[in-house]
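Chemist: Next up, structure.cif (mmCIF, C-alpha atoms).
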data_coords
loop_
_atom_site.label_atom_id
_atom_site.label_comp_id
_atom_site.auth_asym_id
_atom_site.auth_seq_id
_atom_site.Cartn_x
_atom_site.Cartn_y
_atom_site.Cartn_z
CA MET A 1 128.79 87.27 113.49
CA SER A 2 129.99 86.70 117.05
CA LYS A 3 129.88 89.73 119.35
CA LYS A 4 132.84 90.55 121.60
CA VAL A 5 131.71 91.55 125.07
CA ILE A 6 133.43 93.37 127.94
CA LEU A 7 131.86 92.73 131.34
CA ILE A 8 131.85 95.52 133.92
CA GLY A 9 132.15 93.56 137.15
CA ALA A 10 133.87 90.26 137.91
CA GLY A 11 132.04 88.73 140.87
CA GLY A 12 129.53 85.88 141.08
CA HIS A 13 126.94 87.68 138.97
CA ALA A 14 129.55 88.19 136.24
CA LYS A 15 130.27 84.44 136.20
CA VAL A 16 126.65 83.73 135.37
CA ILE A 17 126.52 86.40 132.66
CA ALA A 18 129.80 85.14 131.18
CA ASP A 19 128.24 81.68 130.88
CA ILE A 20 125.21 83.17 129.08
CA ILE A 21 127.45 85.06 126.65
CA LEU A 22 129.40 81.93 125.78
CA LYS A 23 126.27 79.76 125.47
CA SER A 24 124.86 82.39 123.08
CA GLY A 25 127.85 81.92 120.77
CA ASP A 26 129.45 85.26 121.58
CA SER A 27 132.89 85.83 123.12
CA ILE A 28 134.31 87.58 126.17
CA LEU A 29 136.97 90.20 125.55
CA GLY A 30 137.58 90.88 129.25
CA PHE A 31 136.37 92.11 132.62
CA LEU A 32 136.52 95.56 134.22
CA ASP A 33 136.52 95.56 138.00
CA ASP A 34 138.03 97.32 141.02
CA ASP A 35 138.85 93.94 142.60
CA SER A 36 142.54 93.07 142.25
CA THR A 37 141.60 89.40 141.79
CA ALA A 38 139.37 90.14 138.78
CA LYS A 39 139.91 87.75 135.87
CA LEU A 40 141.52 88.67 132.56
CA TRP A 41 141.44 92.44 132.81
CA ASN A 42 141.71 94.70 135.83
CA ILE A 43 141.57 98.46 136.30
CA ASN A 44 141.93 100.38 139.55
CA ASN A 45 138.28 101.37 139.71
CA LEU A 46 135.19 101.61 137.56
CA GLY A 47 135.66 105.38 137.31
CA LYS A 48 138.54 104.70 134.94
CA ILE A 49 136.41 103.13 132.23
CA ASN A 50 137.33 106.18 130.11
CA SER A 51 140.91 104.90 129.92
CA CYS A 52 139.61 101.73 128.25
CA LEU A 53 137.38 103.36 125.67
CA LYS A 54 139.90 102.55 122.95
CA TYR A 55 138.32 99.07 123.11
CA VAL A 56 134.82 100.38 122.38
CA ASN A 57 134.77 100.17 118.58
CA HIS A 58 132.75 97.15 117.47
CA ASN A 59 132.69 95.76 121.03
CA TYR A 60 129.82 95.45 123.48
CA PHE A 61 129.61 96.09 127.22
CA ILE A 62 127.34 94.66 129.90
CA ILE A 63 127.13 95.70 133.55
CA ALA A 64 127.59 92.43 135.41
CA ILE A 65 126.72 93.84 138.84
CA GLY A 66 123.58 92.86 140.75
CA ASN A 67 123.16 96.15 142.64
CA ASN A 68 120.50 98.26 140.89
CA GLU A 69 121.93 101.61 141.97
CA ILE A 70 125.45 100.80 140.77
CA ARG A 71 124.11 99.54 137.42
CA SER A 72 122.14 102.74 136.92
CA GLN A 73 125.10 104.98 137.83
CA ILE A 74 127.42 103.23 135.38
CA ALA A 75 124.85 103.18 132.57
CA MET A 76 124.06 106.88 133.00
CA ASN A 77 127.75 107.83 133.16
CA TYR A 78 128.56 105.98 129.93
CA PRO A 79 125.53 106.39 127.62
CA LYS A 80 127.58 106.05 124.43
CA LEU A 81 128.72 102.50 125.13
CA GLN A 82 127.18 99.78 122.98
CA TRP A 83 125.25 97.69 125.52
CA TYR A 84 124.95 93.92 125.19
CA THR A 85 121.71 92.15 126.08
CA ALA A 86 122.37 88.68 127.54
CA ILE A 87 119.61 86.12 126.92
CA HIS A 88 120.15 82.54 128.04
CA PRO A 89 119.24 80.05 125.28
CA SER A 90 116.97 78.11 127.69
CA SER A 91 114.75 81.13 128.40
CA GLN A 92 111.30 81.23 126.80
CA ILE A 93 110.30 84.58 125.32
CA ALA A 94 106.91 85.01 123.65
CA LYS A 95 106.12 87.09 120.59
CA GLY A 96 105.51 90.76 121.19
CA VAL A 97 107.97 91.03 124.08
CA SER A 98 110.30 94.04 124.09
CA ILE A 99 113.62 93.92 125.94
CA GLY A 100 115.76 96.97 126.71
CA GLU A 101 119.50 97.23 126.13
CA GLY A 102 121.90 95.86 128.72
CA THR A 103 119.32 93.50 130.22
CA THR A 104 120.19 89.99 131.43
CA ILE A 105 117.70 87.11 131.12
CA MET A 106 118.96 84.02 132.91
CA ALA A 107 118.33 80.31 132.47
CA SER A 108 114.75 78.99 132.50
CA THR A 109 113.16 82.43 132.65
CA VAL A 110 109.71 82.72 131.03
CA ILE A 111 108.43 86.00 129.58
CA ASN A 112 104.92 85.85 128.14
CA SER A 113 103.12 87.85 125.46
CA ASP A 114 103.43 91.63 125.18
CA ALA A 115 105.59 92.10 128.27
CA LYS A 116 107.90 95.12 128.20
CA ILE A 117 111.28 94.81 129.92
CA GLY A 118 113.34 97.97 130.55
CA LYS A 119 117.05 98.72 130.28
CA HIS A 120 119.74 97.05 132.42
CA VAL A 121 117.20 94.75 134.08
CA ILE A 122 118.10 91.40 135.66
CA LEU A 123 115.58 88.58 135.28
CA ASN A 124 117.23 85.92 137.39
CA THR A 125 117.07 82.14 137.10
CA GLY A 126 113.56 80.74 136.64
CA ALA A 127 111.71 84.05 136.95
CA ILE A 128 108.21 84.13 135.43
CA VAL A 129 106.94 87.36 133.86
CA GLU A 130 103.37 86.94 132.69
CA HIS A 131 101.54 88.68 129.83
CA ASP A 132 101.38 92.47 129.59
CA ASN A 133 103.83 93.12 132.41
CA ILE A 134 105.83 96.34 132.36
CA ILE A 135 109.22 96.17 134.05
CA GLY A 136 111.07 99.49 134.47
CA ASP A 137 114.78 100.19 134.14
CA TYR A 138 117.38 98.86 136.61
CA VAL A 139 114.98 96.34 138.15
CA HIS A 140 116.20 93.01 139.57
CA LEU A 141 113.85 90.04 139.76
CA SER A 142 115.57 87.35 141.85
CA PRO A 143 115.38 83.59 141.17
CA ARG A 144 111.88 82.04 141.06
CA VAL A 145 109.97 85.32 141.22
CA VAL A 146 106.44 84.98 139.78
CA LEU A 147 104.63 88.02 138.42
CA GLY A 148 100.97 87.54 137.48
CA GLY A 149 99.50 89.19 134.40
CA THR A 150 99.45 92.96 133.90
CA VAL A 151 101.92 93.74 136.70
CA ARG A 152 103.95 96.95 136.61
CA ILE A 153 107.30 97.19 138.43
CA GLU A 154 108.83 100.69 138.44
CA ASN A 155 112.52 101.62 138.15
CA ASN A 156 115.25 100.59 140.62
CA THR A 157 113.13 98.01 142.42
CA HIS A 158 114.47 94.71 143.76
CA ILE A 159 112.15 91.71 144.08
CA GLY A 160 113.60 88.99 146.33
CA ILE A 161 113.86 85.23 145.84
CA GLY A 162 110.55 83.42 145.43
CA VAL A 163 108.32 86.51 145.66
CA VAL A 164 104.83 86.21 144.16
CA VAL A 165 103.04 89.30 142.84
CA LYS A 166 99.37 88.79 141.97
CA ASN A 167 97.71 90.03 138.77
CA ASN A 168 97.10 93.74 138.13
CA ILE A 169 99.51 95.03 140.79
CA ASN A 170 101.68 98.16 140.53
CA VAL A 171 104.93 98.40 142.51
CA CYS A 172 106.47 101.88 142.64
CA SER A 173 110.16 102.72 142.18
CA ASN A 174 112.92 102.18 144.76
CA VAL A 175 111.21 99.29 146.52
CA VAL A 176 112.74 96.13 147.99
CA VAL A 177 110.41 93.15 148.39
CA GLY A 178 111.94 90.55 150.71
CA SER A 179 112.33 86.88 149.83
CA GLY A 180 109.17 84.78 149.94
CA ALA A 181 106.79 87.72 150.23
CA VAL A 182 103.40 87.74 148.51
CA VAL A 183 102.28 91.09 147.09
CA VAL A 184 98.49 91.36 146.91
CA LYS A 185 98.05 95.17 146.97
CA ASN A 186 99.62 98.02 145.04
CA ILE A 187 102.84 99.34 146.58
CA LYS A 188 102.73 103.14 146.34
CA ILE A 189 105.46 104.15 148.82
CA SER A 190 109.17 103.33 148.43
CA GLY A 191 110.61 101.10 151.14
CA THR A 192 111.19 97.49 152.15
CA TYR A 193 108.23 95.10 152.15
CA VAL A 194 108.16 91.63 153.72
CA GLY A 195 105.73 88.90 154.65
CA VAL A 196 102.51 87.27 153.49
CA PRO A 197 100.81 89.49 152.57
CA ALA A 198 103.69 91.91 152.00
CA LYS A 199 103.76 94.93 154.33
CA ILE A 200 106.24 97.75 154.77
CA LYS A 201 108.96 96.94 157.27
#
Just give me the structure as structure tokens.

Modeler:
Amino acid sequence: MSKKVILIGAGGHAKVIADIILKSGDSILGFLDDDSTAKLWNINNLGKINSCLKYVNHNYFIIAIGNNEIRSQIAMNYPKLQWYTAIHPSSQIAKGVSIGEGTTIMASTVINSDAKIGKHVILNTGAIVEHDNIIGDYVHLSPRVVLGGTVRIENNTHIGIGVVVKNNINVCSNVVVGSGAVVVKNIKISGTYVGVPAKIK
């Protein structure tokens, strides 16, 4: 049976998620956004989601916003919503993988055996998550990120476009790794890391 989904957010990220929903055979009920140009359904701000809860029964929600902090705030403020997990049909997901609620897995993403993906995570286009990885909640892996085997990425971390993380690396929470960086050592302190090899900025 087709699921009806309400997207929270209506920007570029929401366009991509909307496409995944439709390609998965589900339908879009509307969009919630504070932007007056938002498509289909507009409210004054995201704080007024309560006024729309009459639409909750039998419907799903997904936070279509790329910012990790905003996703976490919305998810924590509305824990009783039924969260939709968006998985693009072209993604490749091995047996033994677990995926948390509200997560988005975009086109051509590969997730290998026994990886664990948290809640409200974004695995962007063409990301590669190797075997036995653990990805925390509210993490964003940008397009073409490559994580070697047995990598752990903690909550609220953003990994930029084309980053490579070698095998057996731990990255702590609240980290930003800049585009094109190569992570070869554990990251134990929150902050922004850039370069080859990646160093704190």

Chemist: Skip A:Ala107 itself and residues of its chain fewer than 5 positions away, then list as a PyMOL selection string all residues within 6 Å of it, counting all atoms listed in the file.

Modeler: chain A and resi 88+90-91+125

Chemist: Evaluated on this file, the PyMOL selection byres ((chain A and resi 87) around 10) picks out some residues - which ones are they, written as an MDAnalysis selection string?

Modeler: chainID A and resid 17 20:21 23:24 84:86 88:93 99 103:107 109 123

Chemist: Have a look at atom CA of A:His131 and atom CA of A:Ala64 and let me know their distance in Å, one decimal.

Modeler: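 Interatomic distance, atom CA of A:His131 to atom CA of A:Ala64: 26.9 Å.
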
Chemist: Show me, as a list in words, the residues that have an atom within 9 Å of A:Ile189 when counting all atoms listed in the file, minus same-chain residues fewer than 5 positions from it.

Modeler: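 Selected residues are Val171, Cys172, Ser173, Asn174, Val175 and Ile200 of chain A.
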
Chemist: Counting only C-alpha atoms, which residue out of A:Val182, A:Leu22, A:Asp33, A:Gly66 sits closest to A:Ala10?

Modeler: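 Result for the nearest residue to A:Ala10: A:Asp33.
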
Chemist: May I ask for the distance between atom CA of A:Arg71 and atom CA of A:Ile128, given in Å to one decimal place?

Modeler: 22.2 Å

Chemist: From the set A:Ala115, A:Val16, A:Ile122, A:Ile28, which residue has the shortest atom-to-atom contact distance to A:Ile134, counting only C-alpha atoms?

Modeler: A:Ala115

Chemist: Quick one, how far is atom CA of A:Lys116 from atom CA of A:Leu7?

Modeler: 24.3 Å

Chemist: Under the PyMOL selection byres ((chain A and resi 150) around 9), which residues of this model are included? Write them out as a CSV table (one decimal) with C-alpha atoms, in the coordinates of the input.

Modeler:
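Below you can see part_17.csv, which holds the result:
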chain,number,residue,atom,x,y,z
A,115,ALA,CA,105.6,92.1,128.3
A,130,GLU,CA,103.4,86.9,132.7
A,131,HIS,CA,101.5,88.7,129.8
A,132,ASP,CA,101.4,92.5,129.6
A,133,ASN,CA,103.8,93.1,132.4
A,134,ILE,CA,105.8,96.3,132.4
A,147,LEU,CA,104.6,88.0,138.4
A,148,GLY,CA,101.0,87.5,137.5
A,149,GLY,CA,99.5,89.2,134.4
A,151,VAL,CA,101.9,93.7,136.7
A,152,ARG,CA,104.0,97.0,136.6
A,167,ASN,CA,97.7,90.0,138.8
A,168,ASN,CA,97.1,93.7,138.1
A,169,ILE,CA,99.5,95.0,140.8
A,170,ASN,CA,101.7,98.2,140.5

Chemist: Determine the nearest neighbour of A:Ile74 from the options A:Ile117, A:Ile8, A:Val183, A:Val146, counting all atoms listed in the file.

Modeler: A:Ile8

Chemist: Could you name the residues that touch A:Phe61 at 7 Å or less, counting all atoms listed in the file, but leaving out those on the same chain fewer than 6 positions away, as number ranges by chain?

Modeler: A: 5-7, 81-84

Chemist: Could you tell me which residues the PyMOL selection byres ((chain A and resi 72) around 12) grabs in this file, written as a ChimeraX atom specification?

Modeler: /A:62-71,73-79,102-103,118-121,136-140,155-157

Chemist: Which residues are near A:Val177? Cut-off 8 Å, only C-alpha atoms, ignore same chain within fewer than 3 positions. Put them as a list of chain:residue names.

Modeler: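 My list of contacting residues is A:His158, A:Ile159, A:Gly160, A:Val163, A:Ala181, A:Thr192, A:Tyr193, A:Val194, A:Ala198.
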
Chemist: Suppose we keep C-alpha atoms; can you now write the selection as a PDB file, keeping the file's coordinate frame?

Modeler:
ATOM      1  CA  HIS A 158     114.470  94.710 143.760  1.00  0.00           C
ATOM      2  CA  ILE A 159     112.150  91.710 144.080  1.00  0.00           C
ATOM      3  CA  GLY A 160     113.600  88.990 146.330  1.00  0.00           C
ATOM      4  CA  VAL A 163     108.320  86.510 145.660  1.00  0.00           C
ATOM      5  CA  ALA A 181     106.790  87.720 150.230  1.00  0.00           C
ATOM      6  CA  THR A 192     111.190  97.490 152.150  1.00  0.00           C
ATOM      7  CA  TYR A 193     108.230  95.100 152.150  1.00  0.00           C
ATOM      8  CA  VAL A 194     108.160  91.630 153.720  1.00  0.00           C
ATOM      9  CA  ALA A 198     103.690  91.910 152.000  1.00  0.00           C
TER      10      ALA A 198
END

Chemist: Can you sort out the box for stretch 127-136 of chain A, edges along x, y and z, all listed atoms in, 4 Å on every side, with centre and edge lengths in Å to one decimal, as lines of an AutoDock Vina configuration file?

Modeler:
center_x = 106.5
center_y = 91.8
center_z = 133.3
size_x = 18.3
size_y = 23.4
size_z = 15.4

Chemist: Closest to A:Ser179 among A:Gly162, A:Gly96, A:Gly30, A:Pro143, using only C-alpha atoms?

Modeler: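 Of A:Gly162, A:Gly96, A:Gly30, A:Pro143, the one nearest A:Ser179 is A:Gly162, counting only C-alpha atoms.
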
Chemist: Let me make sure I understand: among A:Ser2, A:Asn186, A:Phe31, A:Val110, which one has the smallest atom-to-atom distance to A:Lys15 if we use all atoms listed in the file?

Modeler: A:Phe31

Chemist: For A:Lys80, which residue out of A:Asn59, A:Gly9, A:Lys166, A:Lys188 is the nearest one, using all atoms listed in the file?

Modeler: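 Nearest to A:Lys80: A:Asn59.
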
Chemist: Rebuild N, CA and C atoms on stretch 79-93 of chain A, as a PDB file, in the coordinates of the input?

Modeler:
ATOM      1  N   PRO A  79     126.668 106.648 128.524  1.00  0.00           N
ATOM      2  CA  PRO A  79     125.530 106.390 127.620  1.00  0.00           C
ATOM      3  C   PRO A  79     125.934 106.021 126.202  1.00  0.00           C
ATOM      4  N   LYS A  80     127.175 106.303 125.816  1.00  0.00           N
ATOM      5  CA  LYS A  80     127.580 106.050 124.430  1.00  0.00           C
ATOM      6  C   LYS A  80     128.132 104.640 124.219  1.00  0.00           C
ATOM      7  N   LEU A  81     128.257 103.869 125.299  1.00  0.00           N
ATOM      8  CA  LEU A  81     128.720 102.500 125.130  1.00  0.00           C
ATOM      9  C   LEU A  81     127.652 101.681 124.406  1.00  0.00           C
ATOM     10  N   GLN A  82     128.088 100.684 123.679  1.00  0.00           N
ATOM     11  CA  GLN A  82     127.180  99.780 122.980  1.00  0.00           C
ATOM     12  C   GLN A  82     126.839  98.635 123.943  1.00  0.00           C
ATOM     13  N   TRP A  83     125.617  98.625 124.454  1.00  0.00           N
ATOM     14  CA  TRP A  83     125.250  97.690 125.520  1.00  0.00           C
ATOM     15  C   TRP A  83     124.806  96.346 124.944  1.00  0.00           C
ATOM     16  N   TYR A  84     125.280  95.293 125.569  1.00  0.00           N
ATOM     17  CA  TYR A  84     124.950  93.920 125.190  1.00  0.00           C
ATOM     18  C   TYR A  84     123.762  93.449 126.011  1.00  0.00           C
ATOM     19  N   THR A  85     122.838  92.764 125.388  1.00  0.00           N
ATOM     20  CA  THR A  85     121.710  92.150 126.080  1.00  0.00           C
ATOM     21  C   THR A  85     121.949  90.645 126.128  1.00  0.00           C
ATOM     22  N   ALA A  86     122.037  90.092 127.346  1.00  0.00           N
ATOM     23  CA  ALA A  86     122.370  88.680 127.540  1.00  0.00           C
ATOM     24  C   ALA A  86     121.102  87.871 127.756  1.00  0.00           C
ATOM     25  N   ILE A  87     120.821  86.946 126.840  1.00  0.00           N
ATOM     26  CA  ILE A  87     119.610  86.120 126.920  1.00  0.00           C
ATOM     27  C   ILE A  87     120.013  84.657 126.884  1.00  0.00           C
ATOM     28  N   HIS A  88     119.777  83.955 127.969  1.00  0.00           N
ATOM     29  CA  HIS A  88     120.150  82.540 128.040  1.00  0.00           C
ATOM     30  C   HIS A  88     119.328  81.742 127.025  1.00  0.00           C
ATOM     31  N   PRO A  89     119.968  80.831 126.300  1.00  0.00           N
ATOM     32  CA  PRO A  89     119.240  80.050 125.280  1.00  0.00           C
ATOM     33  C   PRO A  89     118.068  79.234 125.828  1.00  0.00           C
ATOM     34  N   SER A  90     118.073  78.915 127.134  1.00  0.00           N
ATOM     35  CA  SER A  90     116.970  78.110 127.690  1.00  0.00           C
ATOM     36  C   SER A  90     115.776  78.962 128.114  1.00  0.00           C
ATOM     37  N   SER A  91     115.894  80.280 128.032  1.00  0.00           N
ATOM     38  CA  SER A  91     114.750  81.130 128.400  1.00  0.00           C
ATOM     39  C   SER A  91     113.666  81.011 127.326  1.00  0.00           C
ATOM     40  N   GLN A  92     112.433  81.295 127.725  1.00  0.00           N
ATOM     41  CA  GLN A  92     111.300  81.230 126.800  1.00  0.00           C
ATOM     42  C   GLN A  92     110.680  82.622 126.701  1.00  0.00           C
ATOM     43  N   ILE A  93     110.769  83.204 125.518  1.00  0.00           N
ATOM     44  CA  ILE A  93     110.300  84.580 125.320  1.00  0.00           C
ATOM     45  C   ILE A  93     109.241  84.576 124.229  1.00  0.00           C
TER      46      ILE A  93
END
